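Engineer: One structure follows; several queries about it will come next.
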Amino acid sequence: MNTFSNNSPRRYLHFLQHDENKLHYLDLDEGNEFQEIPLNIDFKLPDYHKSIAVSNGDLFIVGGAEVGGKKSSAIFKVDFESYKLVLCNKLKYARSSHSICFNNK
């Protein structure tokens with residue numbers, strides 16, 4: 001089963017390097033090596049965040065621990081044009097070291 005929908009503009013594997021604010025990105029259609037893409041942000045990615053790619057190709061970064069250990073409630077979406085993180089919503093309860101999954105939309 002393919003995780004990405006047929007009309008998804010991108011199909012990829014990813015991981016985030018929080019200490020250097022880098023997105024490691026492997027295009028499943030064209031690539032055979034991960035690319036290192038610096039994120040265009042002026043803050044440190046929270047430790048213990050979780051990220052998820054959803055079926056339409058969007059990538060979200062959820063929660064984590066901010067400087068000082070305070071849990072984050074932020075939900076960011078990666079803008080693949082500018083590689084900025086766009087705050088798109090907030091969790092009802094801040095979380096870190098949690099799990100995340102995509103369940104049929």
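Letters A, B, ... mark the chains of the structure tokens in the order given; residue numbers begin at 1 per chain; ligand numbers begin at 1, in order shown.
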Could the residues of segment 2-40 of chain A that have an atom at most 7 Å from segment 44-61 of chain A be listed as JSON lines, each with its closest atom pair and the distance in Å to one decimal, counting only C-alpha atoms and ordered by chain and ascending residue number?
Structural biologist:
{"residue": "A:Thr3", "atom": "CA", "partner": "A:Ser55", "partner_atom": "CA", "distance": 5.8}
{"residue": "A:Phe4", "atom": "CA", "partner": "A:Ser55", "partner_atom": "CA", "distance": 4.1}
{"residue": "A:Ser5", "atom": "CA", "partner": "A:Ser55", "partner_atom": "CA", "distance": 5.2}
{"residue": "A:Ser8", "atom": "CA", "partner": "A:Asn56", "partner_atom": "CA", "distance": 4.7}
{"residue": "A:Pro9", "atom": "CA", "partner": "A:Gly57", "partner_atom": "CA", "distance": 6.4}
{"residue": "A:Arg10", "atom": "CA", "partner": "A:Gly57", "partner_atom": "CA", "distance": 5.3}
{"residue": "A:Arg11", "atom": "CA", "partner": "A:Gly57", "partner_atom": "CA", "distance": 6.3}
{"residue": "A:His18", "atom": "CA", "partner": "A:Leu45", "partner_atom": "CA", "distance": 5.1}
{"residue": "A:Asn21", "atom": "CA", "partner": "A:Leu45", "partner_atom": "CA", "distance": 6.2}
Engineer: Looking at only C-alpha atoms, which of A:Val86, A:Cys101, A:Leu13, A:Val67 is the one that sits closest to Leu39 of chain A?
Structural biologist: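 Ranking A:Val86, A:Cys101, A:Leu13, A:Val67 by distance to Leu39 of chain A, first place goes to A:Val86.
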Engineer: Identify, with DSSP run on backbone atoms, the residues in chain A assigned to strand (DSSP E or B), and express the list as a PyMOL selection string.
Structural biologist: chain A and resi 12-17+22-27+35-38+47+50-53+59-62+65+71-79+84-95
Engineer: Please produce an output containing N, CA and C atoms for each residue in the selection, written as a compact mmCIF listing (two decimals), in the first residue's frame.
Structural biologist:
# COMPACT_ATOMS: atom_id res chain seq x y z
N TYR A 12 8.10 10.93 -0.36
CA TYR A 12 9.43 11.04 0.22
C TYR A 12 9.53 10.36 1.58
N LEU A 13 10.75 10.16 2.00
CA LEU A 13 11.09 9.82 3.37
C LEU A 13 11.78 11.03 3.96
N HIS A 14 11.70 11.20 5.26
CA HIS A 14 12.32 12.38 5.87
C HIS A 14 12.72 12.10 7.30
N PHE A 15 13.63 12.92 7.78
CA PHE A 15 13.86 13.07 9.22
C PHE A 15 14.42 14.46 9.44
N LEU A 16 14.26 14.96 10.65
CA LEU A 16 14.68 16.32 10.99
C LEU A 16 15.85 16.27 11.96
N GLN A 17 16.83 17.10 11.70
CA GLN A 17 17.99 17.22 12.57
C GLN A 17 17.80 18.49 13.38
N LYS A 22 17.86 21.11 10.18
CA LYS A 22 17.94 20.59 8.81
C LYS A 22 16.86 19.55 8.59
N LEU A 23 16.32 19.58 7.36
CA LEU A 23 15.41 18.55 6.89
C LEU A 23 16.23 17.61 6.02
N HIS A 24 16.21 16.35 6.34
CA HIS A 24 16.85 15.33 5.50
C HIS A 24 15.73 14.70 4.69
N TYR A 25 15.85 14.74 3.37
CA TYR A 25 14.73 14.47 2.46
C TYR A 25 15.18 13.52 1.36
N LEU A 26 14.46 12.43 1.18
CA LEU A 26 14.74 11.48 0.11
C LEU A 26 13.52 11.39 -0.79
N ASP A 27 13.64 11.87 -2.03
CA ASP A 27 12.57 11.79 -3.01
C ASP A 27 12.46 10.34 -3.48
N GLN A 35 18.90 14.31 0.75
CA GLN A 35 19.38 15.69 0.62
C GLN A 35 19.32 16.35 1.99
N GLU A 36 20.28 17.18 2.30
CA GLU A 36 20.23 18.00 3.52
C GLU A 36 19.71 19.37 3.14
N ILE A 37 18.55 19.74 3.67
CA ILE A 37 17.94 21.03 3.33
C ILE A 37 17.85 21.87 4.60
N PRO A 38 18.59 22.99 4.67
CA PRO A 38 18.47 23.86 5.85
C PRO A 38 17.08 24.49 5.90
N ASP A 47 13.27 19.93 20.91
CA ASP A 47 13.70 18.56 21.17
C ASP A 47 12.47 17.70 21.35
N LYS A 50 7.74 15.46 17.10
CA LYS A 50 7.43 14.39 16.16
C LYS A 50 7.08 15.04 14.82
N SER A 51 7.37 14.32 13.75
CA SER A 51 7.02 14.82 12.42
C SER A 51 6.28 13.71 11.67
N ILE A 52 5.46 14.15 10.74
CA ILE A 52 4.67 13.19 9.97
C ILE A 52 4.42 13.73 8.56
N ALA A 53 4.57 12.86 7.58
CA ALA A 53 4.20 13.17 6.20
C ALA A 53 2.82 12.55 5.99
N LEU A 59 4.04 17.96 5.19
CA LEU A 59 4.87 17.53 6.31
C LEU A 59 4.58 18.42 7.51
N PHE A 60 4.27 17.80 8.64
CA PHE A 60 3.95 18.52 9.86
C PHE A 60 4.95 18.17 10.96
N ILE A 61 5.25 19.16 11.79
CA ILE A 61 6.10 19.00 12.97
C ILE A 61 5.23 19.35 14.17
N VAL A 62 5.16 18.45 15.14
CA VAL A 62 4.19 18.58 16.22
C VAL A 62 4.88 18.50 17.58
N ALA A 65 9.88 19.72 23.14
CA ALA A 65 10.30 20.44 24.34
C ALA A 65 11.08 21.69 23.93
N LYS A 71 6.98 22.10 27.50
CA LYS A 71 6.41 21.37 26.37
C LYS A 71 5.76 22.34 25.38
N SER A 72 5.85 22.00 24.11
CA SER A 72 5.30 22.83 23.04
C SER A 72 3.94 22.32 22.60
N SER A 73 3.06 23.24 22.26
CA SER A 73 1.76 22.88 21.70
C SER A 73 1.69 23.21 20.20
N ALA A 74 2.79 23.66 19.63
CA ALA A 74 2.81 24.12 18.24
C ALA A 74 2.68 22.98 17.24
N ILE A 75 1.92 23.25 16.18
CA ILE A 75 1.86 22.37 15.02
C ILE A 75 2.31 23.20 13.82
N PHE A 76 3.44 22.84 13.26
CA PHE A 76 4.00 23.55 12.11
C PHE A 76 3.82 22.71 10.85
N LYS A 77 3.63 23.40 9.74
CA LYS A 77 3.61 22.77 8.43
C LYS A 77 4.83 23.29 7.66
N VAL A 78 5.53 22.39 6.99
CA VAL A 78 6.69 22.80 6.21
C VAL A 78 6.21 23.37 4.87
N ASP A 79 6.65 24.59 4.56
CA ASP A 79 6.40 25.20 3.26
C ASP A 79 7.54 24.76 2.35
N LYS A 84 10.27 27.29 5.11
CA LYS A 84 9.91 27.89 6.38
C LYS A 84 8.91 26.98 7.07
N LEU A 85 8.81 27.13 8.38
CA LEU A 85 7.78 26.42 9.14
C LEU A 85 6.64 27.39 9.41
N VAL A 86 5.44 27.01 9.02
CA VAL A 86 4.27 27.85 9.18
C VAL A 86 3.46 27.29 10.35
N LEU A 87 3.24 28.11 11.37
CA LEU A 87 2.41 27.69 12.49
C LEU A 87 0.98 27.58 11.97
N CYS A 88 0.44 26.36 11.98
CA CYS A 88 -0.90 26.18 11.40
C CYS A 88 -1.95 25.85 12.44
N ASN A 89 -1.52 25.44 13.64
CA ASN A 89 -2.49 25.14 14.68
C ASN A 89 -1.74 24.89 15.97
N LYS A 90 -2.48 24.66 17.05
CA LYS A 90 -1.89 24.32 18.34
C LYS A 90 -2.62 23.14 18.94
N LEU A 91 -1.88 22.32 19.66
CA LEU A 91 -2.48 21.20 20.38
C LEU A 91 -3.27 21.73 21.57
N LYS A 92 -4.30 21.02 21.95
CA LYS A 92 -5.06 21.39 23.14
C LYS A 92 -4.17 21.26 24.38
N TYR A 93 -3.33 20.21 24.39
CA TYR A 93 -2.39 19.97 25.49
C TYR A 93 -0.99 19.86 24.90
N ALA A 94 -0.07 20.65 25.41
CA ALA A 94 1.32 20.61 24.94
C ALA A 94 1.90 19.22 25.18
N ARG A 95 2.78 18.77 24.27
CA ARG A 95 3.34 17.42 24.37
C ARG A 95 4.80 17.40 23.93
Engineer: In Å, rounded to a single decimal, give me how far atom CA of Ile100 of chain A is from atom CA of Gly69 of chain A.
Structural biologist: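 According to the coordinates, atom CA of Gly69 of chain A and atom CA of Ile100 of chain A are separated by 20.0 Å.
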Engineer: Could you tell me which of A:Asn7, A:Ser82, A:Ser96, A:Asn104 comes closest to Ile41 of chain A if we count only C-alpha atoms?
Structural biologist: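 With only C-alpha atoms as the atom set, the closest residue is A:Ser82.
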Engineer: To one decimal in Å, tell me the separation between atom CA of Asn6 of chain A and atom CA of Gly63 of chain A.
Structural biologist: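 These atoms are spaced 29.0 Å apart.
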Engineer: With distances taken over only C-alpha atoms, which of A:Lys70, A:Gly31, A:Asn103, A:Phe43 is nearest to Asp19 of chain A?
Structural biologist: A:Phe43
